[in-house]
There are 2 protein chains.
Amino acid sequence: MFDTQVSLAKKGITTPQMEAVAKQEGVAIDKIMEGVSKGEIVIPCNKKRRLKGPRAIGKGLFVKVNTNIGTSSDHIELSEEIAKLNVALEAGTDTVMDLSTGGDLDNIRRTLIKNTPVPFGTVPIYQAAIETVQMKGGIVKMTVEDIFNVIERQAEDGVDFMTIHCGVTLQSLERLRRQGRLTHIVSRGGAFLTTWMIYNEKENPLYQYYDRLLELARKYDITLSLGDGLRPGSLPDATDRAQIEELILLGELTKSARQEDVQVMIEGPGHVPLDQIETNVLLEKKLCNGAPFYVLGPLVTDIASGYDHIAAAIGGAMAALAGADFLCYVTPAEHLRLPTIEDVREGVIATKIAAHAADLARGNPKAWESDYRMSKARGELDWKTQIELSIDPKKARSYRESRRPKISDVCTMCGKYCAIKLVKEYLGCA
Amino acid sequence: MFDTQVSLAKKGITTPQMEAVAKQEGVAIDKIMEGVSKGEIVIPCNKKRRLKGPRAIGKGLFVKVNTNIGTSSDHIELSEEIAKLNVALEAGTDTVMDLSTGGDLDNIRRTLIKNTPVPFGTVPIYQAAIETVQMKGGIVKMTVEDIFNVIERQAEDGVDFMTIHCGVTLQSLERLRRQGRLTHIVSRGGAFLTTWMIYNEKENPLYQYYDRLLELARKYDITLSLGDGLRPGSLPDATDRAQIEELILLGELTKSARQEDVQVMIEGPGHVPLDQIETNVLLEKKLCNGAPFYVLGPLVTDIASGYDHIAAAIGGAMAALAGADFLCYVTPAEHLRLPTIEDVREGVIATKIAAHAADLARGNPKAWESDYRMSKARGELDWKTQIELSIDPKKARSYRESRRPKISDVCTMCGKYCAIKLVKEYLGCA
């Protein structure tokens, strides 16, 4: 049998990746190994490549942030995707997913992965569906071999984690049909598979041949990110029977994966009212036995088009406070267009703020260091340090410099009536 | 005795303002009157002006958003402040506060108030302190009469609510001194008063002569917004003894105000870790007997300079979910500069998203209408309606139009592989 981070952790063997993430997180390696053994922590890292910047995702660790990049059939510009990748890395993304659906998908993926030092993810069903359309004229003609060929091709390229929509089954679709929804299916992978299943009157191959998937995942140590193909696409549809049916299935599939020492995390919604987020996290943790939870947003309103990064930051912070481990970024372009380079930057930073807010609330001592130092600098009117410690020093500096104060140690908000300066001067610093 | 919204509500007399807000909120007027009688709802509305757009703030109502505008000693441009006012109103702010500290303060206030159809607030201690500096050379030379003269002058101009820092007392300052802080005092009003008190070795006049303040408030029906002059200015300082000491005092002052049928709300932090927000709201509601809670942010991290509107949207949504009634906006310029017109727009919209997310979570049926209609339009690929229902239709339209899809009913994110379109076409709409 092939070894994975899980099988090694179970044997008590440390890997370079475990060592790296233990150092990064400031936690004992034993804690990492225990988490990996139990499946509460994953370290996405394909054996085919040497990941310069491994990341661990899960219980007791920093909340991580993922950035989706990639072409669409309407906009194919590899250089722009490379620029997005660089902007995302600069802004501190922990992982990157290539969701390309337009152009030479193999070449795009290989180019991007080569330039990505952190875990790299994909959704192989996209490529399988698109190649089928190109070669046979329709998604419904996709074969089981088409799907697994793409998975293996991407595995060979070194993809570290893959979103696999195993939970869209005849049974969960039946639940969806009985119930009805405002926004039906909003997952592309879910839509491809649903189309295929209904037309062919067959079970989802990724569910039916899940053992074959586990074999591949074990061989390359690919972390499976079990996708939520039936995630609600609107607040009125949130936490409905179809969503929870799928989550139950994903829980069962988590158990099977763990038996094979395959790393698994669970993808979650999407669109969730603020008061349902905690319940969604608790359900995932219970139904999937503590598997790391990877949430897309969640968006806390449906009307924030143009500002969905803010709606997602609110939802993401709340989810991470409740125990979610991994936040997929959302950009201001969500629901409107393929994101631009600037959209990517704004999306990553908003999501990093959400993750950091949760890290603080969860009592992560390393996260508190930055806020402590920033507040000390603020109390001392030390502007140089304040700018350096800002989440985006370039923006902070340009804001400050765009309106220069008359007195150098304050800002133009309060000018000479700066509260901190007044108190410092009159009271000899409180 | 002068009547106020409270005294009238207690007598069972409805006012035009009560009728207007009942209609606006979609709630029975009895509920408004009950809330106003108990002090759980305020309707800031100075008798000296006819407010075109009154607002109610408090229990069971839409969460409201305030926009701070105004000059500083470093940047005085009345036309710019008028432009900020208009942008804030266009973005849907519920109230406006003029925090000007530079230029001809009377003229600026009178110009702004004339153009503001919604409740208008001020912080009179700013003007009292600044005029003292100009006329006598130092804040410490301010007299009790100087303070009350300004309050009355602003009352005569029709100011609907005033932030008054009564809770900065010799006792609460002593608590602060015993404790120590990273960021001392970050409230301008708090800093002015502290400076004055320590130098003159006297009690805060706004505390000592609180009865005189209540008389004025009753005469004009000014809503007192009891300021938190000792609010922490950093996460490490949050929820500390000085803050809670001040909140206890504000609770006592709320009781006195209610005895005089004066409307009161309570101002809150500031900088609060995500996990302490619920406690802060609960404490305010208990210690101040259900008075409406007006929070400044709160910011959930100290390092988001340049993006503090996002840190505040996270905190504001969480606070409002826990029961806060009124969110003071924060702009991307916070901690860096006096906000520009564009900063104001971004700040209002981010805060509106937070308020709306909480309205949804609190089960406000009118709030749900927009998300339901948006989701229906999204499920039907009805782009015209989607754009119209967006929180900022102009931005949503420009995003969509900047990257036109090849097929008109999708967007460039997924192009022809749009999940909703696929499912609609293949399954006859799930």
# chains A, B, ... in the order shown; residues from 1 in each chain; ligands from 1
$ residues_around --residues "Lys255 (chain A)" --least-positions-apart "3" --cutoff "10 Å" --atoms "only C-alpha atoms" --output "PDB file with N, CA, C and O atoms, in the first residue's frame"
ATOM      1  N   GLY A  39      -7.919  12.510  11.215  1.00  0.00           N
ATOM      2  CA  GLY A  39      -8.638  13.121  10.086  1.00  0.00           C
ATOM      3  C   GLY A  39      -9.180  14.490  10.413  1.00  0.00           C
ATOM      4  O   GLY A  39      -9.976  15.048   9.653  1.00  0.00           O
ATOM      5  N   LEU A 250     -21.794  12.748   2.521  1.00  0.00           N
ATOM      6  CA  LEU A 250     -20.367  13.102   2.588  1.00  0.00           C
ATOM      7  C   LEU A 250     -19.751  12.581   3.890  1.00  0.00           C
ATOM      8  O   LEU A 250     -18.579  12.197   3.916  1.00  0.00           O
ATOM      9  N   GLY A 251     -20.532  12.539   4.933  1.00  0.00           N
ATOM     10  CA  GLY A 251     -20.068  11.974   6.202  1.00  0.00           C
ATOM     11  C   GLY A 251     -19.730  10.488   6.048  1.00  0.00           C
ATOM     12  O   GLY A 251     -18.685  10.011   6.510  1.00  0.00           O
ATOM     13  N   GLU A 252     -20.601   9.769   5.361  1.00  0.00           N
ATOM     14  CA  GLU A 252     -20.341   8.340   5.133  1.00  0.00           C
ATOM     15  C   GLU A 252     -19.087   8.156   4.275  1.00  0.00           C
ATOM     16  O   GLU A 252     -18.267   7.267   4.532  1.00  0.00           O
ATOM     17  N   ARG A 258     -11.269   7.525   5.350  1.00  0.00           N
ATOM     18  CA  ARG A 258     -10.357   7.373   6.491  1.00  0.00           C
ATOM     19  C   ARG A 258      -9.887   5.939   6.633  1.00  0.00           C
ATOM     20  O   ARG A 258      -8.746   5.697   7.041  1.00  0.00           O
ATOM     21  N   GLN A 259     -10.763   4.999   6.287  1.00  0.00           N
ATOM     22  CA  GLN A 259     -10.355   3.597   6.366  1.00  0.00           C
ATOM     23  C   GLN A 259      -9.201   3.313   5.407  1.00  0.00           C
ATOM     24  O   GLN A 259      -8.417   2.396   5.619  1.00  0.00           O
ATOM     25  N   GLU A 260      -9.120   4.110   4.344  1.00  0.00           N
ATOM     26  CA  GLU A 260      -8.042   3.936   3.366  1.00  0.00           C
ATOM     27  C   GLU A 260      -6.903   4.929   3.592  1.00  0.00           C
ATOM     28  O   GLU A 260      -6.065   5.116   2.710  1.00  0.00           O
ATOM     29  N   ASP A 261      -6.917   5.603   4.732  1.00  0.00           N
ATOM     30  CA  ASP A 261      -5.878   6.607   5.036  1.00  0.00           C
ATOM     31  C   ASP A 261      -5.802   7.721   3.989  1.00  0.00           C
ATOM     32  O   ASP A 261      -4.715   8.250   3.700  1.00  0.00           O
ATOM     33  N   VAL A 262      -6.935   8.041   3.426  1.00  0.00           N
ATOM     34  CA  VAL A 262      -6.996   9.152   2.468  1.00  0.00           C
ATOM     35  C   VAL A 262      -7.452  10.406   3.207  1.00  0.00           C
ATOM     36  O   VAL A 262      -8.366  10.365   4.026  1.00  0.00           O
ATOM     37  N   VAL A 264      -9.284  13.863   3.783  1.00  0.00           N
ATOM     38  CA  VAL A 264     -10.579  14.377   3.318  1.00  0.00           C
ATOM     39  C   VAL A 264     -10.923  15.668   4.035  1.00  0.00           C
ATOM     40  O   VAL A 264     -10.735  15.793   5.247  1.00  0.00           O
ATOM     41  N   CYS A 288     -19.755  14.575   9.830  1.00  0.00           N
ATOM     42  CA  CYS A 288     -18.535  14.147   9.141  1.00  0.00           C
ATOM     43  C   CYS A 288     -17.393  13.913  10.134  1.00  0.00           C
ATOM     44  O   CYS A 288     -16.209  13.993   9.767  1.00  0.00           O
ATOM     45  N   ASN A 289     -17.731  13.634  11.362  1.00  0.00           N
ATOM     46  CA  ASN A 289     -16.754  13.240  12.378  1.00  0.00           C
ATOM     47  C   ASN A 289     -15.513  14.120  12.441  1.00  0.00           C
ATOM     48  O   ASN A 289     -14.382  13.625  12.439  1.00  0.00           O
ATOM     49  N   ALA A 291     -14.166  16.211  10.329  1.00  0.00           N
ATOM     50  CA  ALA A 291     -13.350  16.511   9.140  1.00  0.00           C
ATOM     51  C   ALA A 291     -13.256  18.028   8.962  1.00  0.00           C
ATOM     52  O   ALA A 291     -14.208  18.745   9.251  1.00  0.00           O
TER      53      ALA A 291
END
$ residues_around --residues "Leu282 (chain A)" --least-positions-apart "4" --cutoff "12 Å" --atoms "only C-alpha atoms" --output "CSV table (one decimal) with N, CA, C and O atoms, in the first residue's frame"
chain,number,residue,atom,x,y,z
A,247,LEU,N,-24.9,16.3,2.8
A,247,LEU,CA,-23.9,16.3,3.9
A,247,LEU,C,-23.8,15.0,4.6
A,247,LEU,O,-22.7,14.5,5.0
A,268,GLY,N,-18.6,23.3,2.1
A,268,GLY,CA,-19.9,23.8,2.6
A,268,GLY,C,-20.3,25.0,1.9
A,268,GLY,O,-19.6,25.6,1.1
A,276,GLN,N,-27.8,31.0,10.8
A,276,GLN,CA,-27.8,29.5,10.6
A,276,GLN,C,-26.4,29.0,10.4
A,276,GLN,O,-26.1,27.8,10.2
A,277,ILE,N,-25.4,29.9,10.4
A,277,ILE,CA,-24.0,29.5,10.2
A,277,ILE,C,-23.5,28.6,11.2
A,277,ILE,O,-22.9,27.6,10.9
A,278,GLU,N,-23.7,28.9,12.5
A,278,GLU,CA,-23.2,28.1,13.5
A,278,GLU,C,-23.7,26.7,13.4
A,278,GLU,O,-23.0,25.7,13.6
A,286,LYS,N,-20.3,17.2,13.2
A,286,LYS,CA,-20.9,16.0,13.8
A,286,LYS,C,-21.1,15.0,12.7
A,286,LYS,O,-20.7,13.8,12.8
A,287,LEU,N,-21.7,15.4,11.6
A,287,LEU,CA,-22.1,14.4,10.5
A,287,LEU,C,-20.8,13.8,9.8
A,287,LEU,O,-20.9,12.7,9.3
A,288,CYS,N,-19.8,14.6,9.8
A,288,CYS,CA,-18.5,14.1,9.1
A,288,CYS,C,-17.4,13.9,10.1
A,288,CYS,O,-16.2,14.0,9.8
A,289,ASN,N,-17.7,13.6,11.4
A,289,ASN,CA,-16.8,13.2,12.4
A,289,ASN,C,-15.5,14.1,12.4
A,289,ASN,O,-14.4,13.6,12.4
A,290,GLY,N,-15.7,15.4,12.5
A,290,GLY,CA,-14.6,16.3,12.7
A,290,GLY,C,-13.7,16.6,11.5
A,290,GLY,O,-12.6,17.2,11.7
A,291,ALA,N,-14.2,16.2,10.3
A,291,ALA,CA,-13.4,16.5,9.1
A,291,ALA,C,-13.3,18.0,9.0
A,291,ALA,O,-14.2,18.7,9.3
A,292,PRO,N,-12.1,18.5,8.5
A,292,PRO,CA,-12.0,20.0,8.2
A,292,PRO,C,-13.1,20.5,7.3
A,292,PRO,O,-13.5,19.8,6.4
A,293,PHE,N,-13.6,21.7,7.7
A,293,PHE,CA,-14.7,22.2,6.9
A,293,PHE,C,-14.2,23.4,6.1
A,293,PHE,O,-13.6,24.4,6.6
A,319,ALA,N,-18.4,31.8,10.4
A,319,ALA,CA,-18.2,30.3,10.2
A,319,ALA,C,-16.9,29.9,10.9
A,319,ALA,O,-16.9,28.8,11.6
A,320,ALA,N,-15.9,30.6,10.8
A,320,ALA,CA,-14.6,30.2,11.3
A,320,ALA,C,-14.6,30.3,12.9
A,320,ALA,O,-14.1,29.5,13.6
A,321,LEU,N,-15.4,31.3,13.4
A,321,LEU,CA,-15.5,31.4,14.8
A,321,LEU,C,-16.2,30.2,15.3
A,321,LEU,O,-15.9,29.6,16.4
A,322,ALA,N,-17.2,29.7,14.6
A,322,ALA,CA,-17.9,28.5,15.0
A,322,ALA,C,-17.2,27.2,14.7
A,322,ALA,O,-17.6,26.1,15.1
A,323,GLY,N,-16.0,27.3,14.1
A,323,GLY,CA,-15.2,26.1,13.9
A,323,GLY,C,-14.8,25.7,12.5
A,323,GLY,O,-14.1,24.7,12.3
A,324,ALA,N,-15.3,26.5,11.5
A,324,ALA,CA,-14.8,26.2,10.1
A,324,ALA,C,-13.3,26.4,10.0
A,324,ALA,O,-12.8,27.3,10.7
$ residues_around --residues "Ile420 (chain A)" --least-positions-apart "3" --cutoff "12 Å" --atoms "only C-alpha atoms" --output "PyMOL selection string"
(chain A and resi 375-382+409-411+414-417+423-430) or (chain B and resi 181-192+194-195+230+232-233+335)
$ residues_around --residues "Leu216 (chain A)" --least-positions-apart "6" --cutoff "12 Å" --atoms "only C-alpha atoms" --output "ChimeraX atom specification"
/A:1-2,4,46-47,148-156,161-162,209-210,222-224,257,260-263
$ residues_around --residues "region 49-55 of chain B" --least-positions-apart "2" --cutoff "12 Å" --atoms "only C-alpha atoms" --output "PyMOL selection string"
chain B and resi 15-25+32+41-47+57-58+61-66+89+92-96+110+113-120+155-161+220-222+325-326
$ decode --residues "region 150-168 of chain A" --atoms "N, CA and C atoms" --output "PDB file, in the first residue's frame"
ATOM      1  N   VAL A 150      -9.039  12.062 -16.500  1.00  0.00           N
ATOM      2  CA  VAL A 150      -8.700  13.439 -16.137  1.00  0.00           C
ATOM      3  C   VAL A 150      -8.158  13.497 -14.706  1.00  0.00           C
ATOM      4  N   ILE A 151      -8.802  12.774 -13.817  1.00  0.00           N
ATOM      5  CA  ILE A 151      -8.331  12.791 -12.422  1.00  0.00           C
ATOM      6  C   ILE A 151      -6.872  12.321 -12.369  1.00  0.00           C
ATOM      7  N   GLU A 152      -6.574  11.259 -13.080  1.00  0.00           N
ATOM      8  CA  GLU A 152      -5.212  10.726 -13.038  1.00  0.00           C
ATOM      9  C   GLU A 152      -4.226  11.690 -13.716  1.00  0.00           C
ATOM     10  N   ARG A 153      -4.651  12.290 -14.809  1.00  0.00           N
ATOM     11  CA  ARG A 153      -3.786  13.260 -15.492  1.00  0.00           C
ATOM     12  C   ARG A 153      -3.440  14.424 -14.553  1.00  0.00           C
ATOM     13  N   GLN A 154      -4.451  14.904 -13.879  1.00  0.00           N
ATOM     14  CA  GLN A 154      -4.233  16.034 -12.965  1.00  0.00           C
ATOM     15  C   GLN A 154      -3.398  15.587 -11.758  1.00  0.00           C
ATOM     16  N   ALA A 155      -3.600  14.352 -11.318  1.00  0.00           N
ATOM     17  CA  ALA A 155      -2.809  13.823 -10.201  1.00  0.00           C
ATOM     18  C   ALA A 155      -1.337  13.761 -10.590  1.00  0.00           C
ATOM     19  N   GLU A 156      -1.090  13.315 -11.818  1.00  0.00           N
ATOM     20  CA  GLU A 156       0.295  13.226 -12.307  1.00  0.00           C
ATOM     21  C   GLU A 156       0.957  14.610 -12.341  1.00  0.00           C
ATOM     22  N   ASP A 157       0.154  15.639 -12.582  1.00  0.00           N
ATOM     23  CA  ASP A 157       0.688  17.008 -12.627  1.00  0.00           C
ATOM     24  C   ASP A 157       0.997  17.563 -11.235  1.00  0.00           C
ATOM     25  N   GLY A 158       0.581  16.837 -10.212  1.00  0.00           N
ATOM     26  CA  GLY A 158       0.931  17.280  -8.862  1.00  0.00           C
ATOM     27  C   GLY A 158      -0.166  18.016  -8.115  1.00  0.00           C
ATOM     28  N   VAL A 159      -1.392  17.910  -8.594  1.00  0.00           N
ATOM     29  CA  VAL A 159      -2.479  18.609  -7.900  1.00  0.00           C
ATOM     30  C   VAL A 159      -2.611  18.062  -6.471  1.00  0.00           C
ATOM     31  N   ASP A 160      -2.677  18.963  -5.516  1.00  0.00           N
ATOM     32  CA  ASP A 160      -2.638  18.561  -4.104  1.00  0.00           C
ATOM     33  C   ASP A 160      -4.009  18.240  -3.524  1.00  0.00           C
ATOM     34  N   PHE A 161      -5.014  18.956  -3.964  1.00  0.00           N
ATOM     35  CA  PHE A 161      -6.368  18.616  -3.490  1.00  0.00           C
ATOM     36  C   PHE A 161      -7.366  18.816  -4.615  1.00  0.00           C
ATOM     37  N   MET A 162      -8.388  17.971  -4.598  1.00  0.00           N
ATOM     38  CA  MET A 162      -9.376  17.980  -5.675  1.00  0.00           C
ATOM     39  C   MET A 162     -10.779  18.019  -5.098  1.00  0.00           C
ATOM     40  N   THR A 163     -11.575  18.915  -5.668  1.00  0.00           N
ATOM     41  CA  THR A 163     -12.990  18.930  -5.326  1.00  0.00           C
ATOM     42  C   THR A 163     -13.686  17.849  -6.134  1.00  0.00           C
ATOM     43  N   ILE A 164     -14.337  16.954  -5.415  1.00  0.00           N
ATOM     44  CA  ILE A 164     -15.030  15.846  -6.080  1.00  0.00           C
ATOM     45  C   ILE A 164     -16.467  15.838  -5.567  1.00  0.00           C
ATOM     46  N   HIS A 165     -17.397  15.940  -6.486  1.00  0.00           N
ATOM     47  CA  HIS A 165     -18.815  16.045  -6.103  1.00  0.00           C
ATOM     48  C   HIS A 165     -19.458  14.662  -6.004  1.00  0.00           C
ATOM     49  N   CYS A 166     -19.082  13.897  -4.988  1.00  0.00           N
ATOM     50  CA  CYS A 166     -19.604  12.537  -4.840  1.00  0.00           C
ATOM     51  C   CYS A 166     -21.012  12.516  -4.268  1.00  0.00           C
ATOM     52  N   GLY A 167     -21.411  13.636  -3.682  1.00  0.00           N
ATOM     53  CA  GLY A 167     -22.669  13.624  -2.931  1.00  0.00           C
ATOM     54  C   GLY A 167     -23.895  13.935  -3.769  1.00  0.00           C
ATOM     55  N   VAL A 168     -23.681  14.233  -5.047  1.00  0.00           N
ATOM     56  CA  VAL A 168     -24.835  14.432  -5.936  1.00  0.00           C
ATOM     57  C   VAL A 168     -25.243  13.045  -6.420  1.00  0.00           C
TER      58      VAL A 168
END
